[in-house]
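K.L.:
query29.cif (mmCIF, C-alpha atoms) pasted underneath:
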data_run
#
loop_
_atom_site.group_PDB
_atom_site.id
_atom_site.type_symbol
_atom_site.label_atom_id
_atom_site.label_comp_id
_atom_site.auth_asym_id
_atom_site.auth_seq_id
_atom_site.Cartn_x
_atom_site.Cartn_y
_atom_site.Cartn_z
ATOM 1 C CA MET A 1 0.000 0.000 0.000
ATOM 2 C CA ASP A 2 2.853 2.359 0.956
ATOM 3 C CA SER A 3 4.748 1.581 -2.252
ATOM 4 C CA GLY A 4 1.659 2.422 -4.337
ATOM 5 C CA SER A 5 1.214 5.666 -2.423
ATOM 6 C CA ASP A 6 4.897 6.523 -2.902
ATOM 7 C CA MET A 7 4.643 5.828 -6.641
ATOM 8 C CA LEU A 8 1.593 8.087 -6.964
ATOM 9 C CA ASP A 9 3.353 10.808 -4.989
ATOM 10 C CA THR A 10 6.415 10.525 -7.236
ATOM 11 C CA LEU A 11 4.295 10.816 -10.386
ATOM 12 C CA MET A 12 2.475 13.842 -9.003
ATOM 13 C CA ARG A 13 5.815 15.529 -8.361
ATOM 14 C CA GLY A 14 6.517 15.363 -12.086
ATOM 15 C CA GLY A 15 4.240 18.333 -12.677
ATOM 16 C CA PHE A 16 1.473 19.016 -15.170
ATOM 17 C CA MET A 17 3.381 17.369 -18.065
ATOM 18 C CA MET A 18 2.690 14.021 -16.411
ATOM 19 C CA VAL A 19 -0.935 14.373 -17.518
ATOM 20 C CA PRO A 20 -0.334 14.088 -21.298
ATOM 21 C CA ILE A 21 2.404 11.509 -20.666
ATOM 22 C CA LEU A 22 0.041 9.262 -18.714
ATOM 23 C CA LEU A 23 -2.792 9.848 -21.192
ATOM 24 C CA GLY A 24 -0.427 8.725 -23.955
ATOM 25 C CA SER A 25 0.360 5.553 -22.021
ATOM 26 C CA ILE A 26 -3.350 4.757 -21.642
ATOM 27 C CA LEU A 27 -3.960 5.336 -25.361
ATOM 28 C CA ALA A 28 -0.941 3.206 -26.298
ATOM 29 C CA LEU A 29 -2.086 0.357 -24.046
ATOM 30 C CA THR A 30 -5.589 0.531 -25.550
ATOM 31 C CA ILE A 31 -4.217 0.349 -29.104
ATOM 32 C CA ILE A 32 -1.886 -2.534 -28.225
ATOM 33 C CA ILE A 33 -4.682 -4.606 -26.677
ATOM 34 C CA GLU A 34 -7.047 -3.855 -29.580
ATOM 35 C CA ARG A 35 -4.450 -4.746 -32.230
ATOM 36 C CA LEU A 36 -3.388 -7.931 -30.439
ATOM 37 C CA TRP A 37 -7.020 -9.004 -30.594
ATOM 38 C CA ALA A 38 -7.662 -7.829 -34.167
ATOM 39 C CA LEU A 39 -4.491 -9.355 -35.628
ATOM 40 C CA GLN A 40 -5.130 -12.848 -34.363
ATOM 41 C CA ARG A 41 -4.763 -15.330 -37.201
ATOM 42 C CA SER A 42 -8.343 -16.515 -36.681
ATOM 43 C CA HIS A 43 -9.513 -12.988 -37.588
ATOM 44 C CA VAL A 44 -7.214 -12.585 -40.585
ATOM 45 C CA LEU A 45 -6.387 -15.966 -42.124
ATOM 46 C CA PRO A 46 -8.552 -18.621 -40.450
ATOM 47 C CA GLU A 47 -7.124 -22.033 -41.295
ATOM 48 C CA ALA A 48 -10.447 -23.885 -41.370
ATOM 49 C CA PHE A 49 -11.917 -21.319 -43.777
ATOM 50 C CA LEU A 50 -8.906 -21.516 -46.094
ATOM 51 C CA ARG A 51 -9.076 -25.311 -46.202
ATOM 52 C CA ARG A 52 -12.790 -25.149 -46.964
ATOM 53 C CA MET A 53 -12.201 -22.583 -49.710
ATOM 54 C CA GLY A 54 -9.428 -24.666 -51.238
ATOM 55 C CA LYS A 55 -11.707 -27.676 -51.462
ATOM 56 C CA MET A 56 -14.594 -25.719 -53.012
ATOM 57 C CA LEU A 57 -12.313 -24.072 -55.579
ATOM 58 C CA GLU A 58 -10.784 -27.402 -56.554
ATOM 59 C CA GLU A 59 -14.293 -28.732 -57.138
ATOM 60 C CA GLY A 60 -15.281 -25.647 -59.143
ATOM 61 C CA ARG A 61 -18.015 -24.549 -56.728
ATOM 62 C CA HIS A 62 -17.356 -20.850 -57.230
ATOM 63 C CA SER A 63 -20.821 -19.554 -56.300
ATOM 64 C CA GLU A 64 -20.759 -21.535 -53.069
ATOM 65 C CA ALA A 65 -17.238 -20.269 -52.373
ATOM 66 C CA LEU A 66 -18.373 -16.665 -52.896
ATOM 67 C CA SER A 67 -21.261 -17.148 -50.464
ATOM 68 C CA ALA A 68 -18.847 -18.614 -47.913
ATOM 69 C CA CYS A 69 -16.580 -15.573 -48.291
ATOM 70 C CA GLN A 70 -19.482 -13.172 -47.820
ATOM 71 C CA GLU A 71 -20.551 -14.986 -44.668
ATOM 72 C CA ASN A 72 -17.044 -14.989 -43.181
ATOM 73 C CA ASP A 73 -15.824 -11.840 -41.417
ATOM 74 C CA SER A 74 -12.085 -12.334 -41.920
ATOM 75 C CA HIS A 75 -9.704 -10.164 -43.949
ATOM 76 C CA ILE A 76 -8.782 -12.896 -46.404
ATOM 77 C CA ALA A 77 -12.469 -13.689 -46.982
ATOM 78 C CA ARG A 78 -13.095 -10.134 -48.195
ATOM 79 C CA VAL A 79 -10.070 -10.308 -50.509
ATOM 80 C CA MET A 80 -11.107 -13.651 -51.967
ATOM 81 C CA ALA A 81 -14.690 -12.447 -52.383
ATOM 82 C CA ALA A 82 -13.410 -9.620 -54.598
ATOM 83 C CA GLY A 83 -11.545 -12.149 -56.737
ATOM 84 C CA LEU A 84 -14.509 -14.491 -57.016
ATOM 85 C CA GLN A 85 -16.791 -11.637 -58.008
ATOM 86 C CA ALA A 86 -14.414 -10.962 -60.898
ATOM 87 C CA ARG A 87 -14.361 -14.574 -62.084
ATOM 88 C CA GLY A 88 -14.962 -15.013 -65.791
ATOM 89 C CA ARG A 89 -13.035 -11.840 -66.584
ATOM 90 C CA ALA A 90 -9.514 -11.601 -67.967
ATOM 91 C CA ARG A 91 -6.644 -12.418 -65.599
ATOM 92 C CA PRO A 92 -5.455 -8.762 -65.295
ATOM 93 C CA GLU A 93 -8.940 -7.708 -64.174
ATOM 94 C CA ILE A 94 -9.050 -10.437 -61.531
ATOM 95 C CA VAL A 95 -5.602 -9.421 -60.293
ATOM 96 C CA GLU A 96 -6.647 -5.758 -60.176
ATOM 97 C CA SER A 97 -9.750 -6.604 -58.115
ATOM 98 C CA LEU A 98 -7.649 -8.618 -55.676
ATOM 99 C CA GLU A 99 -5.024 -5.870 -55.385
ATOM 100 C CA LEU A 100 -7.667 -3.246 -54.631
ATOM 101 C CA ALA A 101 -9.281 -5.421 -51.971
ATOM 102 C CA GLY A 102 -5.823 -6.270 -50.606
ATOM 103 C CA ARG A 103 -4.941 -2.599 -50.184
ATOM 104 C CA GLN A 104 -8.196 -1.993 -48.336
ATOM 105 C CA GLU A 105 -7.565 -4.897 -45.982
ATOM 106 C CA THR A 106 -3.960 -3.821 -45.421
ATOM 107 C CA GLY A 107 -5.327 -0.453 -44.345
ATOM 108 C CA ARG A 108 -7.655 -2.179 -41.889
ATOM 109 C CA LEU A 109 -4.794 -4.286 -40.537
ATOM 110 C CA SER A 110 -2.677 -1.153 -40.038
ATOM 111 C CA ARG A 111 -5.412 0.770 -38.230
ATOM 112 C CA TRP A 112 -4.020 2.782 -35.272
ATOM 113 C CA ILE A 113 -0.469 1.545 -35.909
ATOM 114 C CA GLY A 114 0.594 5.012 -37.051
ATOM 115 C CA ALA A 115 -0.847 6.480 -33.855
ATOM 116 C CA LEU A 116 1.135 3.953 -31.819
ATOM 117 C CA GLY A 117 4.343 5.009 -33.563
ATOM 118 C CA ALA A 118 3.504 8.668 -32.926
ATOM 119 C CA ILE A 119 3.013 7.993 -29.218
ATOM 120 C CA ALA A 120 6.357 6.172 -29.052
ATOM 121 C CA ALA A 121 8.040 9.211 -30.641
ATOM 122 C CA LEU A 122 6.214 11.868 -28.604
ATOM 123 C CA GLU A 123 6.496 10.358 -25.125
ATOM 124 C CA PRO A 124 10.259 11.033 -24.699
ATOM 125 C CA LEU A 125 9.804 14.535 -26.134
ATOM 126 C CA MET A 126 7.024 15.314 -23.668
ATOM 127 C CA GLY A 127 9.195 13.912 -20.896
ATOM 128 C CA LEU A 128 12.099 16.114 -21.971
ATOM 129 C CA LEU A 129 9.834 19.147 -22.130
ATOM 130 C CA GLY A 130 8.633 18.398 -18.611
ATOM 131 C CA THR A 131 12.235 18.177 -17.421
ATOM 132 C CA VAL A 132 13.201 21.468 -19.055
ATOM 133 C CA LEU A 133 10.175 23.234 -17.553
ATOM 134 C CA GLY A 134 10.990 21.706 -14.170
ATOM 135 C CA LEU A 135 14.592 22.905 -14.353
ATOM 136 C CA ILE A 136 13.467 26.392 -15.307
ATOM 137 C CA GLU A 137 11.156 26.440 -12.310
ATOM 138 C CA SER A 138 13.945 25.099 -10.079
ATOM 139 C CA PHE A 139 16.395 27.822 -11.053
ATOM 140 C CA ARG A 140 13.707 30.449 -10.675
ATOM 141 C CA GLU A 141 13.254 29.203 -7.117
ATOM 142 C CA VAL A 142 17.011 29.462 -6.518
ATOM 143 C CA GLU A 143 16.943 33.023 -7.808
ATOM 144 C CA ARG A 144 13.954 33.861 -5.641
ATOM 145 C CA LEU A 145 15.448 32.430 -2.436
ATOM 146 C CA LYS A 146 18.973 33.742 -3.121
ATOM 147 C CA VAL A 147 20.545 30.484 -1.894
ATOM 148 C CA VAL A 148 23.361 30.002 -4.391
ATOM 149 C CA GLY A 149 25.531 28.042 -1.945
ATOM 150 C CA ASN A 150 22.903 25.422 -1.087
ATOM 151 C CA PRO A 151 22.909 22.643 -3.741
ATOM 152 C CA SER A 152 20.021 20.820 -2.085
ATOM 153 C CA VAL A 153 17.596 23.458 -3.354
ATOM 154 C CA VAL A 154 18.630 22.762 -6.956
ATOM 155 C CA ALA A 155 18.937 18.998 -6.433
ATOM 156 C CA SER A 156 15.379 18.752 -5.134
ATOM 157 C CA GLY A 157 14.003 20.485 -8.197
ATOM 158 C CA VAL A 158 16.204 18.526 -10.591
ATOM 159 C CA TRP A 159 15.147 15.065 -9.431
ATOM 160 C CA GLN A 160 11.519 16.096 -9.583
ATOM 161 C CA ALA A 161 12.039 17.458 -13.107
ATOM 162 C CA LEU A 162 13.714 14.237 -14.273
ATOM 163 C CA ILE A 163 10.629 12.224 -13.322
ATOM 164 C CA THR A 164 8.934 13.254 -16.569
ATOM 165 C CA THR A 165 11.897 12.139 -18.694
ATOM 166 C CA ALA A 166 11.998 8.779 -16.922
ATOM 167 C CA ALA A 167 8.227 8.347 -17.298
ATOM 168 C CA GLY A 168 8.360 9.259 -20.994
ATOM 169 C CA LEU A 169 11.130 6.728 -21.668
ATOM 170 C CA ILE A 170 9.480 3.989 -19.614
ATOM 171 C CA ILE A 171 6.346 4.363 -21.746
ATOM 172 C CA ALA A 172 8.084 4.978 -25.084
ATOM 173 C CA ILE A 173 10.415 1.966 -25.074
ATOM 174 C CA PRO A 174 7.781 -0.817 -24.848
ATOM 175 C CA THR A 175 5.422 1.201 -27.052
ATOM 176 C CA TYR A 176 8.039 1.434 -29.791
ATOM 177 C CA ALA A 177 8.843 -2.273 -29.400
ATOM 178 C CA MET A 178 5.169 -3.130 -29.911
ATOM 179 C CA TYR A 179 4.981 -0.727 -32.856
ATOM 180 C CA ARG A 180 7.844 -2.559 -34.596
ATOM 181 C CA TYR A 181 6.299 -5.918 -33.699
ATOM 182 C CA PHE A 182 2.963 -4.956 -35.245
ATOM 183 C CA ARG A 183 4.663 -3.608 -38.377
ATOM 184 C CA SER A 184 6.514 -6.889 -38.819
ATOM 185 C CA ARG A 185 3.427 -8.962 -38.092
ATOM 186 C CA ILE A 186 1.293 -7.002 -40.550
ATOM 187 C CA SER A 187 3.986 -7.333 -43.231
ATOM 188 C CA ASN A 188 4.093 -11.118 -42.787
ATOM 189 C CA THR A 189 0.301 -11.326 -42.736
ATOM 190 C CA VAL A 190 0.017 -9.331 -45.965
ATOM 191 C CA MET A 191 2.504 -11.707 -47.614
ATOM 192 C CA ASP A 192 0.370 -14.675 -46.545
ATOM 193 C CA MET A 193 -2.740 -12.963 -47.904
ATOM 194 C CA GLU A 194 -0.973 -12.296 -51.203
ATOM 195 C CA ALA A 195 -0.015 -15.967 -51.428
ATOM 196 C CA SER A 196 -3.634 -17.000 -50.905
ATOM 197 C CA ALA A 197 -4.818 -14.432 -53.455
ATOM 198 C CA PHE A 198 -2.262 -15.667 -55.985
ATOM 199 C CA GLY A 199 -3.527 -19.212 -55.470
ATOM 200 C CA LEU A 200 -7.055 -17.989 -56.145
ATOM 201 C CA VAL A 201 -5.943 -16.266 -59.375
ATOM 202 C CA GLN A 202 -4.247 -19.446 -60.490
ATOM 203 C CA GLN A 203 -7.333 -21.524 -59.753
ATOM 204 C CA LEU A 204 -9.753 -19.141 -61.479
ATOM 205 C CA THR A 205 -7.470 -18.828 -64.492
ATOM 206 C CA LEU A 206 -7.106 -22.607 -64.689
ATOM 207 C CA ASP A 207 -10.869 -23.083 -64.458
ATOM 208 C CA ALA A 208 -11.454 -20.507 -67.193
ATOM 209 C CA THR A 209 -8.896 -22.188 -69.451
ATOM 210 C CA SER A 210 -10.437 -25.604 -68.800
ATOM 211 C CA GLY A 211 -13.887 -24.242 -69.612
ATOM 212 C CA GLU A 212 -12.693 -22.749 -72.913
ATOM 213 C CA GLU A 213 -11.028 -26.014 -73.905
ATOM 214 C CA ALA A 214 -14.201 -27.934 -73.072
ATOM 215 C CA GLU A 215 -16.260 -25.586 -75.247
ATOM 216 C CA ALA A 216 -13.801 -25.979 -78.105
#
Would you write the structure of this file as structure tokens?
P.N.:
Amino acid sequence: MDSGSDMLDTLMRGGFMMVPILLGSILALTIIIERLWALQRSHVLPEAFLRRMGKMLEEGRHSEALSACQENDSHIARVMAAGLQARGRARPEIVESLELAGRQETGRLSRWIGALGAIAALEPLMGLLGTVLGLIESFREVERLKVVGNPSVVASGVWQALITTAAGLIIAIPTYAMYRYFRSRISNTVMDMEASAFGLVQQLTLDATSGEEAEA
């Protein structure tokens, strides 16, 4: 209980700049939790759905596959739905439809990631600003009290001012680590989605070629 009270007292000594610093930490934590949930593989590339789609495409059940995509709320389902809606068209048109849907889903995957990076960059700067303001206030107090020979007056103000820098770094370091992690994870996920989309293009193109040969 005492340690919690001491921690709160220490944070309060950091001055008014602790308010935006702590608000940034709350926002960063919210984004991290939301993205960890949203970027689960079951929400992006569900294995059972992909296996089911593969089987339906192999059997040429394109209409049924499209209905399955429209009923599934995953990112890859929306991409594949765009490709299936373009079936029967030329290969470049199918590819274009998939690329457009892929860009839209990449945007959804990257939602709030830019904000997370901004928080990671701003937290140390806000901490530094708090320290500078604290030092200014400390030296103003020295000037007011006329106690040049007493270092304790300056030391007291300095350690309080440094609280904001420490707080900013403590928040920024894990936030930046998570930002890089999400960027890497999204990049790998997009590559997996592209692989699935390429497989769909191949299957639709193969089916179209087979149909033309049958007609001939």
K.L.:
Looking at A:Ala77, A:Val19, A:Leu84, A:Leu109, which one is nearest to Gln40 in chain A, with distances taken over all atoms listed in the file?
P.N.:
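Among the listed residues, the smallest separation from Gln40 in chain A belongs to A:Leu109.
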K.L.:
Please compute the CA of Arg35 in chain A-CA of Val95 in chain A distance, one decimal, in Å.
P.N.:
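Going from CA of Arg35 in chain A over to CA of Val95 in chain A, I get 28.5 Å.
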K.L.:
Identify all residues satisfying the PyMOL selection byres ((chain A and resi 37-39) around 12) in the given file; provide them as a compact mmCIF listing (two decimals) with C-alpha atoms, keeping the file's coordinate frame.
P.N.:
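Result file follows (selection07.txt):
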# COMPACT_ATOMS: atom_id res chain seq x y z
CA THR A 30 -5.59 0.53 -25.55
CA ILE A 31 -4.22 0.35 -29.10
CA ILE A 32 -1.89 -2.53 -28.22
CA ILE A 33 -4.68 -4.61 -26.68
CA GLU A 34 -7.05 -3.86 -29.58
CA ARG A 35 -4.45 -4.75 -32.23
CA LEU A 36 -3.39 -7.93 -30.44
CA GLN A 40 -5.13 -12.85 -34.36
CA ARG A 41 -4.76 -15.33 -37.20
CA SER A 42 -8.34 -16.52 -36.68
CA HIS A 43 -9.51 -12.99 -37.59
CA VAL A 44 -7.21 -12.58 -40.58
CA LEU A 45 -6.39 -15.97 -42.12
CA PRO A 46 -8.55 -18.62 -40.45
CA ASP A 73 -15.82 -11.84 -41.42
CA SER A 74 -12.08 -12.33 -41.92
CA HIS A 75 -9.70 -10.16 -43.95
CA GLU A 105 -7.56 -4.90 -45.98
CA THR A 106 -3.96 -3.82 -45.42
CA ARG A 108 -7.66 -2.18 -41.89
CA LEU A 109 -4.79 -4.29 -40.54
CA SER A 110 -2.68 -1.15 -40.04
CA ARG A 111 -5.41 0.77 -38.23
CA TRP A 112 -4.02 2.78 -35.27
CA ILE A 113 -0.47 1.54 -35.91
CA TYR A 181 6.30 -5.92 -33.70
CA PHE A 182 2.96 -4.96 -35.24
CA ARG A 183 4.66 -3.61 -38.38
CA SER A 184 6.51 -6.89 -38.82
CA ARG A 185 3.43 -8.96 -38.09
CA ILE A 186 1.29 -7.00 -40.55
CA SER A 187 3.99 -7.33 -43.23
CA ASN A 188 4.09 -11.12 -42.79
CA THR A 189 0.30 -11.33 -42.74
CA VAL A 190 0.02 -9.33 -45.96
K.L.:
Check what the PyMOL selection byres ((chain A and resi 58) around 12) selects in the file above and give those residues as a list in words.
P.N.:
Arg51, Arg52, Met53, Gly54, Lys55, Met56, Leu57, Glu59, Gly60, Arg61, His62, Ala65, Gly199, Leu200, Gln202, Gln203, Leu204, Leu206 and Asp207 of chain A
K.L.:
Distance CA of Pro20 in chain A-CA of Leu135 in chain A, one decimal place?
P.N.:
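For CA of Pro20 in chain A relative to CA of Leu135 in chain A, the distance reads 18.7 Å.
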K.L.:
May I ask which of the residues A:Glu123, A:Glu64, A:Glu99, A:Glu141 is the closest one to Glu194 in chain A, counting all atoms listed in the file?
P.N.:
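Counting all atoms listed in the file, the residue closest to Glu194 in chain A is A:Glu99.
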K.L.:
Quick check on the file I pasted: which residues fall under the PyMOL selection byres ((chain A and resi 85) around 10)? Write them as a list in words.
P.N.:
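Here the PyMOL selection byres ((chain A and resi 85) around 10) matches His62, Ser63, Leu66, Met80, Ala81, Ala82, Gly83, Leu84, Ala86, Arg87, Gly88, Arg89, Ile94, Ser97 and Leu98 of chain A.
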K.L.:
Of the candidates A:Val79, A:Met191, A:Met178, A:Thr205, which one gets nearest to Leu29 in chain A if we count all atoms listed in the file?
P.N.:
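Closest to Leu29 in chain A, using all atoms listed in the file: A:Met178.
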K.L.:
Take CA of Ala166 in chain A and CA of Pro124 in chain A and report the distance between them in Å, one decimal.
P.N.:
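Calculated distance between CA of Ala166 in chain A and CA of Pro124 in chain A is 8.3 Å.
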K.L.:
For Leu22 in chain A, which residue among A:Ala167, A:Ala48, A:Ala101, A:Val142 is the nearest when counting all atoms listed in the file?
P.N.:
A:Ala167
K.L.:
With distances taken over all atoms listed in the file, which of A:Ile76, A:Ile136, A:Leu129, A:Val201 is nearest to Met17 in chain A?
P.N.:
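That would be A:Leu129, the residue with the smallest distance to Met17 in chain A.
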K.L.:
Counting only C-alpha atoms, which residue out of A:Leu116, A:Glu71, A:Gln160, A:Gly107 sits closest to Val132 in chain A?
P.N.:
A:Gln160
